[in-house]
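The file entry09.cif contains mmCIF, C-alpha atoms:
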data_query
loop_
_atom_site.label_atom_id
_atom_site.label_comp_id
_atom_site.auth_asym_id
_atom_site.auth_seq_id
_atom_site.Cartn_x
_atom_site.Cartn_y
_atom_site.Cartn_z
CA MET Q 14 -55.54 57.66 22.61
CA GLY Q 15 -57.96 56.10 25.09
CA GLU Q 16 -57.25 52.56 23.88
CA ASN Q 17 -53.50 53.15 24.11
CA VAL Q 18 -53.92 54.35 27.67
CA ASN Q 19 -55.97 51.26 28.51
CA ARG Q 20 -53.30 49.00 27.03
CA ALA Q 21 -50.65 50.81 29.06
CA VAL Q 22 -52.74 50.23 32.17
CA ALA Q 23 -53.04 46.54 31.29
CA GLY Q 24 -49.26 46.35 30.93
CA LEU Q 25 -48.72 48.02 34.29
CA VAL Q 26 -51.22 45.68 35.93
CA GLY Q 27 -49.61 42.58 34.40
CA ALA Q 28 -46.10 43.64 35.36
CA GLY Q 29 -47.06 44.87 38.81
CA VAL Q 30 -49.04 41.77 39.76
CA ALA Q 31 -46.35 39.42 38.44
CA ALA Q 32 -43.58 41.25 40.28
CA GLY Q 33 -45.59 41.44 43.49
CA VAL Q 34 -46.57 37.76 43.48
CA TYR Q 35 -42.97 36.74 42.73
CA ALA Q 36 -41.66 38.92 45.58
CA VAL Q 37 -44.11 37.39 48.06
CA LEU Q 38 -43.61 33.78 46.96
CA SER Q 39 -39.82 34.09 46.86
CA ARG Q 40 -39.81 34.44 50.64
CA ARG Q 41 -41.07 30.88 50.95
CA THR Q 42 -38.68 27.96 51.39
CA ASP Q 43 -40.88 25.08 50.22
CA ALA Q 44 -38.53 22.46 48.75
CA SER Q 45 -41.17 21.17 46.34
CA TRP Q 46 -40.98 24.49 44.48
CA ARG Q 47 -37.22 24.33 43.98
CA ARG Q 48 -35.21 22.60 41.27
CA THR Q 49 -31.59 22.09 40.23
CA ASP Q 50 -30.93 23.64 36.82
CA HIS Q 51 -28.58 22.64 33.99
CA ALA Q 52 -25.59 24.23 35.76
CA GLY Q 53 -26.28 22.62 39.13
CA ARG Q 54 -27.77 25.77 40.67
CA THR Q 55 -30.81 25.66 42.91
CA VAL Q 56 -33.56 27.79 41.38
CA THR Q 57 -37.12 28.53 42.39
CA LEU Q 58 -40.26 27.64 40.43
CA TYR Q 59 -42.17 30.59 41.86
CA GLU Q 60 -41.63 32.50 38.64
CA GLY Q 61 -44.29 30.22 37.15
CA PRO Q 62 -47.30 31.16 39.29
CA ALA Q 63 -46.18 34.79 39.29
CA ALA Q 64 -46.13 34.86 35.49
CA ALA Q 65 -49.51 33.13 35.18
CA ILE Q 66 -51.28 35.32 37.75
CA GLY Q 67 -49.74 38.46 36.25
CA ALA Q 68 -50.76 37.42 32.74
CA ALA Q 69 -54.36 36.72 33.84
CA ALA Q 70 -54.54 40.07 35.65
CA GLY Q 71 -53.19 41.86 32.59
CA ILE Q 72 -55.80 40.19 30.37
CA ALA Q 73 -58.57 41.16 32.79
CA ALA Q 74 -57.43 44.80 32.70
CA ALA Q 75 -57.02 44.95 28.90
CA PRO Q 76 -59.41 46.70 26.53
CA GLY Q 77 -61.54 44.58 24.25
CA PRO Q 78 -64.63 42.36 24.32
CA ALA Q 79 -65.61 41.08 27.74
CA ARG Q 80 -65.93 37.50 26.45
CA VAL Q 81 -62.29 37.51 25.31
CA ARG Q 82 -61.11 38.78 28.67
CA ALA Q 83 -63.28 36.20 30.43
CA ALA Q 84 -61.76 33.47 28.26
CA GLY Q 85 -58.25 34.54 29.25
CA VAL Q 86 -59.09 34.74 32.94
CA LEU Q 87 -60.53 31.21 32.66
CA VAL Q 88 -57.87 29.43 30.63
CA VAL Q 89 -54.63 30.96 31.94
CA PRO Q 90 -55.10 29.83 35.58
CA ALA Q 91 -56.49 26.48 34.38
CA ALA Q 92 -53.44 25.84 32.19
CA ALA Q 93 -51.11 26.98 34.95
CA GLY Q 94 -52.91 24.74 37.44
CA CYS Q 95 -52.48 21.69 35.22
CA GLY Q 96 -48.82 22.61 34.82
CA ALA Q 97 -48.45 22.98 38.58
CA TYR Q 98 -49.85 19.48 39.05
CA ASP Q 99 -47.13 18.13 36.77
CA ASP Q 100 -44.47 20.27 38.49
CA LEU Q 101 -45.39 18.91 41.90
CA VAL Q 102 -46.70 15.39 41.22
CA GLY Q 103 -44.99 14.40 37.99
CA ALA Q 104 -41.58 15.96 38.59
CA ASP Q 105 -39.77 12.61 38.66
CA ASP Q 106 -41.71 10.99 35.81
CA PRO Q 107 -39.22 10.20 33.00
CA ARG Q 108 -41.95 9.68 30.39
CA ARG Q 109 -42.16 12.28 27.66
CA GLY Q 110 -44.58 12.80 24.82
CA PHE Q 111 -48.33 12.35 24.52
CA ARG Q 112 -48.00 8.75 23.35
CA ALA Q 113 -46.26 7.69 26.56
CA HIS Q 114 -48.81 9.41 28.78
CA LEU Q 115 -51.77 8.06 26.83
CA GLY Q 116 -50.27 4.58 27.11
CA ALA Q 117 -50.04 5.00 30.88
CA LEU Q 118 -53.64 6.20 30.95
CA ARG Q 119 -54.79 3.09 29.09
CA GLY Q 120 -53.10 1.10 31.85
CA GLY Q 121 -55.08 2.96 34.49
CA GLU Q 122 -52.37 5.45 35.55
CA VAL Q 123 -53.16 9.17 35.43
CA THR Q 124 -49.86 10.97 34.82
CA GLY Q 125 -49.11 14.67 34.99
CA GLY Q 126 -48.81 14.68 31.22
CA ALA Q 127 -52.32 13.27 30.86
CA VAL Q 128 -53.69 15.90 33.24
CA LYS Q 129 -52.09 18.60 31.09
CA LEU Q 130 -53.27 17.08 27.82
CA PHE Q 131 -56.93 16.75 28.79
CA GLY Q 132 -57.15 19.56 31.34
CA ILE Q 133 -55.60 22.25 29.16
CA GLY Q 134 -57.41 20.90 26.11
CA ALA Q 135 -60.79 21.16 27.84
CA ALA Q 136 -60.04 24.62 29.24
CA GLY Q 137 -58.87 25.75 25.82
CA VAL Q 138 -62.09 24.60 24.15
CA LEU Q 139 -64.21 26.29 26.82
CA ALA Q 140 -62.25 29.50 26.30
CA GLY Q 141 -62.64 29.14 22.53
CA LEU Q 142 -66.40 28.76 22.86
CA LEU Q 143 -66.47 31.95 24.90
CA ILE Q 144 -64.53 33.84 22.23
CA GLU Q 145 -66.32 32.52 19.13
CA GLU Q 146 -70.01 32.38 18.29
CA ARG Q 147 -69.90 29.17 16.24
CA VAL Q 148 -69.00 25.84 17.80
CA VAL Q 149 -66.57 24.81 15.06
CA ASP Q 150 -64.69 28.10 15.38
CA GLY Q 151 -64.67 27.76 19.16
CA VAL Q 152 -63.15 24.28 18.96
CA LEU Q 153 -60.50 25.46 16.49
CA THR Q 154 -59.70 28.39 18.76
CA GLY Q 155 -59.44 25.98 21.69
CA VAL Q 156 -56.89 23.92 19.76
CA VAL Q 157 -54.89 27.08 19.08
CA ILE Q 158 -54.91 28.06 22.77
CA ALA Q 159 -54.00 24.59 24.07
CA GLY Q 160 -51.45 24.07 21.29
CA THR Q 161 -49.73 27.37 22.03
CA ALA Q 162 -49.56 26.49 25.72
CA HIS Q 163 -47.89 23.20 24.82
CA LEU Q 164 -45.50 24.86 22.37
CA VAL Q 165 -44.24 27.34 24.95
CA ASN Q 166 -43.66 24.45 27.33
CA LEU Q 167 -41.68 22.60 24.63
CA VAL Q 168 -39.25 25.50 24.28
CA ASP Q 169 -38.86 25.96 28.04
CA VAL Q 170 -35.58 24.06 28.11
CA GLY Q 171 -33.20 26.75 29.32
CA PRO Q 172 -32.99 30.24 30.79
CA GLY Q 173 -34.88 32.89 28.87
CA VAL Q 174 -36.10 30.80 25.93
CA ALA Q 175 -39.77 30.47 26.87
CA VAL Q 176 -40.01 34.05 28.12
CA GLY Q 177 -38.29 35.32 24.99
CA SER Q 178 -40.56 33.23 22.78
CA VAL Q 179 -43.67 34.70 24.42
CA LEU Q 180 -42.36 38.24 24.05
CA LEU Q 181 -41.46 37.68 20.41
CA GLY Q 182 -44.62 35.79 19.51
CA ALA Q 183 -46.91 38.32 21.20
CA SER Q 184 -45.35 41.32 19.50
CA GLY Q 185 -48.10 43.32 17.84
CA LEU Q 186 -50.96 41.15 19.08
CA PRO Q 187 -53.97 43.01 20.49
CA GLY Q 188 -54.68 42.08 24.07
CA ALA Q 189 -51.19 40.70 24.67
CA VAL Q 190 -49.74 43.71 26.47
CA GLY Q 191 -50.53 42.38 29.95
CA PRO Q 192 -49.01 38.90 29.44
CA MET Q 193 -45.98 40.44 27.68
CA ALA Q 194 -45.41 42.78 30.62
CA ALA Q 195 -45.72 39.91 33.10
CA ALA Q 196 -43.14 37.91 31.14
CA ALA Q 197 -40.81 40.88 30.71
CA VAL Q 198 -40.70 41.83 34.39
CA LEU Q 199 -39.66 38.29 35.30
CA ALA Q 200 -37.12 37.92 32.48
CA PRO Q 201 -34.09 39.09 34.52
CA ALA Q 202 -34.67 36.40 37.17
CA ASP Q 203 -35.11 33.80 34.43
CA LEU Q 204 -32.03 34.83 32.43
CA GLY Q 205 -30.07 35.30 35.64
CA GLU Q 206 -30.82 31.65 36.51
CA ARG Q 207 -32.41 32.51 39.83
CA ALA Q 208 -35.85 31.19 38.83
CA MET Q 209 -37.59 29.18 36.13
CA LEU Q 210 -41.10 29.08 34.73
CA GLY Q 211 -41.61 25.35 35.10
CA ASP Q 212 -44.72 23.80 33.58
CA THR Q 213 -46.84 26.20 35.65
CA GLY Q 214 -45.53 29.35 34.02
CA ALA Q 215 -44.85 27.93 30.57
CA HIS Q 216 -48.40 26.65 30.15
CA GLY Q 217 -49.92 29.75 31.76
CA LEU Q 218 -48.03 32.19 29.54
CA GLY Q 219 -48.56 29.93 26.52
CA ALA Q 220 -52.31 29.92 27.08
CA ALA Q 221 -52.29 33.71 27.38
CA LEU Q 222 -50.40 33.95 24.10
CA GLY Q 223 -52.88 31.52 22.55
CA VAL Q 224 -55.81 33.73 23.54
CA ALA Q 225 -54.08 36.72 21.95
CA LEU Q 226 -53.39 34.72 18.78
CA ALA Q 227 -56.98 33.55 18.59
CA ARG Q 228 -58.47 37.02 18.58
CA ARG Q 229 -59.83 38.10 15.25
CA CYS Q 230 -58.00 40.97 13.66
CA GLY Q 231 -57.69 42.50 10.23
CA ARG Q 232 -54.01 43.40 10.33
CA PRO Q 233 -50.77 41.47 10.79
CA CYS Q 234 -50.91 39.81 14.20
CA GLY Q 235 -47.32 39.01 15.01
CA ARG Q 236 -44.03 38.52 13.25
CA PHE Q 237 -44.48 34.85 12.51
CA VAL Q 238 -48.23 34.51 12.18
CA GLY Q 239 -48.91 36.98 9.39
CA SER Q 240 -52.53 37.87 8.86
CA PHE Q 241 -54.58 35.61 11.10
CA VAL Q 242 -58.13 36.17 9.92
CA GLY Q 243 -61.14 33.86 9.87
CA ARG Q 244 -61.52 30.12 9.95
CA THR Q 245 -58.82 29.43 7.37
CA GLY Q 246 -56.23 31.16 9.51
CA ARG Q 247 -57.31 29.26 12.59
CA VAL Q 248 -57.18 25.93 10.76
CA ALA Q 249 -53.66 26.66 9.48
CA LEU Q 250 -52.42 27.76 12.88
CA ALA Q 251 -54.04 24.83 14.68
CA ALA Q 252 -52.49 22.40 12.18
CA GLY Q 253 -49.07 23.95 12.69
CA LEU Q 254 -49.35 23.68 16.46
CA VAL Q 255 -50.44 20.04 16.27
CA ALA Q 256 -47.47 19.36 14.00
CA SER Q 257 -45.14 21.02 16.51
CA ALA Q 258 -46.50 18.79 19.27
CA SER Q 259 -45.71 15.70 17.20
CA ASN Q 260 -42.14 16.95 16.67
CA GLY Q 261 -41.54 18.06 20.23
CA GLU Q 262 -38.02 16.69 20.56
CA ARG Q 263 -36.81 18.58 17.50
CA ILE Q 264 -38.33 21.82 18.71
CA SER Q 265 -36.84 21.38 22.18
CA SER Q 266 -33.44 20.66 20.62
CA VAL Q 267 -33.53 23.92 18.68
CA ALA Q 268 -34.62 25.74 21.83
CA ARG Q 269 -31.66 24.32 23.77
CA ARG Q 270 -29.28 25.83 21.26
CA ALA Q 271 -31.13 29.14 21.47
CA SER Q 272 -30.80 28.99 25.25
CA GLY Q 273 -27.01 28.94 24.98
CA VAL Q 274 -27.09 32.04 22.79
CA LEU Q 275 -29.40 33.82 25.24
CA ARG Q 276 -27.20 32.95 28.22
CA ARG Q 277 -24.16 34.38 26.48
CA ALA Q 278 -26.11 37.49 25.51
CA ALA Q 279 -27.34 37.89 29.09
CA GLY Q 280 -23.75 37.68 30.34
CA VAL Q 281 -22.66 40.35 27.90
CA ALA Q 282 -25.59 42.54 28.98
CA GLY Q 283 -24.63 42.12 32.62
CA VAL Q 284 -27.71 40.22 33.79
CA PRO Q 285 -26.64 38.91 37.22
CA GLY Q 286 -26.73 35.21 37.94
CA ARG Q 287 -26.85 33.62 41.34
#
Using structure tokens, write down the structure from this file.
Amino acid sequence: MGENVNRAVAGLVGAGVAAGVYAVLSRRTDASWRRTDHAGRTVTLYEGPAAAIGAAAGIAAAPGPARVRAAGVLVVPAAAGCGAYDDLVGADDPRRGFRAHLGALRGGEVTGGAVKLFGIGAAGVLAGLLIEERVVDGVLTGVVIAGTAHLVNLVDVGPGVAVGSVLLGASGLPGAVGPMAAAAVLAPADLGERAMLGDTGAHGLGAALGVALARRCGRPCGRFVGSFVGRTGRVALAAGLVASASNGERISSVARRASGVLRRAAGVAGVPGR
């Protein structure tokens, strides 16, 4: 009973902080935090920092080992910060994929993609070393966290897809109540095409989901992950995430089709647009 109450508190904290931050930021009129979406509408990127801050607050308030909560509070803002750099500095960069950004780096140019690759990777490994006692397990966990952050960003190609992916992927994961609540409270604005996560929110929520995935547990840990126990599970999950990164265009293409389905469903459900 006590643990369930603590998880409920974590959910309330995540949702409340995310909603509050979004309400405050939405009063701003900074053009650098606005974008034109697929339908030509002007939307705000403030959903991103709101989601990341709410997710971090929810992790901090969740029950569980202090080192796991510390890892989440470290890596979620770090991943969101790297995403924000790309949102603000690399917004007009047409290059996509790690190969393109690494090529630019070899030529002496530090792109937003390179900042995300190395910044989120380093933060993920640090978080993994906080969670795990052995270095090899910490590094594997870091790959899982960084890879999940990247995967959520890959599917953030239309209204509701990234938020829905986080909610679906986190289902049943211990410690994920806060990030799920932060994502859920912002879902209407996302589906209603009034706001978008951007790289800030996608990487922040993805890192939060990665921390939840990386926690050891002895029962099924999500609909698509199965039983994620021990080093073997981490190796398999890390390998799958690396494979997804190398097939980013295919994954994004599938997500675009899913976005159309979600938009139609949101219209049927009466989610207001702009």
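Counting all atoms listed in the file, the residue from Q:His163, Q:Arg82, Q:His216, Q:Arg228 that sits nearest to Gly151 of chain Q is Q:Arg228.
Distances to Val179 of chain Q were evaluated for Q:Leu153, Q:Leu139, Q:Ala202, Q:Leu226 using only C-alpha atoms, and the minimum falls at Q:Leu226.
What the PyMOL selection byres ((chain Q and resi 250-260) around 6) grabs from this file is Val156, Val157, Gly160, Arg247, Val248, Ala249, Gly261, Glu262 and Arg263 of chain Q.
One distance worth recording is that between atom CA of Ala189 of chain Q and atom CA of Val224 of chain Q, which is 8.4 Å.
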Review point. Do you know which residues are at most 12 Å from Gly33 of chain Q counting only C-alpha atoms, after dropping those on the same chain fewer than 2 positions away, and could you put them as a PyMOL selection string?
Key: chain Q and resi 25-31+35-40+59-60+62-64+66-67+70+195+198-199
Exercise for review: Let me know the residues the PyMOL selection byres ((chain Q and resi 145) around 12) catches in the file above, as a ChimeraX atom specification.
Suggested key: /Q:78,80-81,84,138-144,146-155,224,227-229,243-244,247
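Here atom CA of Gly217 of chain Q is placed at a distance of 12.6 Å from atom CA of Tyr98 of chain Q.
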For Asp203 of chain Q, work out the shell of residues within 7 Å, counting only C-alpha atoms and skipping chain neighbours fewer than 4 positions away, then give it as a CSV table (one decimal) with C-alpha atoms, in the coordinates of the input.
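Output file part10.csv is given in full below:
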chain,number,residue,atom,x,y,z
Q,172,PRO,CA,-33.0,30.2,30.8
Q,173,GLY,CA,-34.9,32.9,28.9
Q,199,LEU,CA,-39.7,38.3,35.3
Q,207,ARG,CA,-32.4,32.5,39.8
Q,208,ALA,CA,-35.8,31.2,38.8
Q,209,MET,CA,-37.6,29.2,36.1
**Study point:** Distance query 8 Å from (-41.0, 27.9, 32.7) using all atoms listed in the file, result as a PyMOL selection string
**Key:** chain Q and resi 58+60-61+166+169+175-176+209-216
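Rounded to one decimal, atom CA of Ser265 of chain Q and atom CA of Trp46 of chain Q lie 22.9 Å from each other.
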At a cut-off of 12 Å around the point (-58.8, 45.8, 25.9) (file coordinates), what residues fall inside when counting all atoms listed in the file? I'd like the answer as a compact mmCIF listing (two decimals) with C-alpha atoms, in the frame of the given file.
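Produced file selection.txt, reproduced below:
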# COMPACT_ATOMS: atom_id res chain seq x y z
CA GLY Q 15 -57.96 56.10 25.09
CA GLU Q 16 -57.25 52.56 23.88
CA ASN Q 17 -53.50 53.15 24.11
CA VAL Q 18 -53.92 54.35 27.67
CA ASN Q 19 -55.97 51.26 28.51
CA ARG Q 20 -53.30 49.00 27.03
CA ALA Q 21 -50.65 50.81 29.06
CA VAL Q 22 -52.74 50.23 32.17
CA ALA Q 23 -53.04 46.54 31.29
CA GLY Q 24 -49.26 46.35 30.93
CA GLY Q 71 -53.19 41.86 32.59
CA ILE Q 72 -55.80 40.19 30.37
CA ALA Q 73 -58.57 41.16 32.79
CA ALA Q 74 -57.43 44.80 32.70
CA ALA Q 75 -57.02 44.95 28.90
CA PRO Q 76 -59.41 46.70 26.53
CA GLY Q 77 -61.54 44.58 24.25
CA PRO Q 78 -64.63 42.36 24.32
CA ALA Q 79 -65.61 41.08 27.74
CA ARG Q 80 -65.93 37.50 26.45
CA VAL Q 81 -62.29 37.51 25.31
CA ARG Q 82 -61.11 38.78 28.67
CA ALA Q 83 -63.28 36.20 30.43
CA GLY Q 85 -58.25 34.54 29.25
CA LEU Q 186 -50.96 41.15 19.08
CA PRO Q 187 -53.97 43.01 20.49
CA GLY Q 188 -54.68 42.08 24.07
CA ALA Q 189 -51.19 40.70 24.67
CA VAL Q 190 -49.74 43.71 26.47
CA GLY Q 191 -50.53 42.38 29.95
CA ALA Q 225 -54.08 36.72 21.95
CA ARG Q 228 -58.47 37.02 18.58
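Remark: for Ser45 of chain Q, the closest of the candidate residues Q:Ala97, Q:Ile158, Q:Val86, Q:Val170 is Q:Ala97 (distances computed over all atoms listed in the file).
The closest residue to Ala183 of chain Q, picked from Q:Leu218, Q:Ala32, Q:Ala91, Q:Ala159 and counting all atoms listed in the file, is Q:Leu218.
Among the candidate residues Q:Ser184, Q:Arg270, Q:Thr124, Q:Ile133, the one lying nearest to Pro90 of chain Q is Q:Ile133, with distances computed using all atoms listed in the file.
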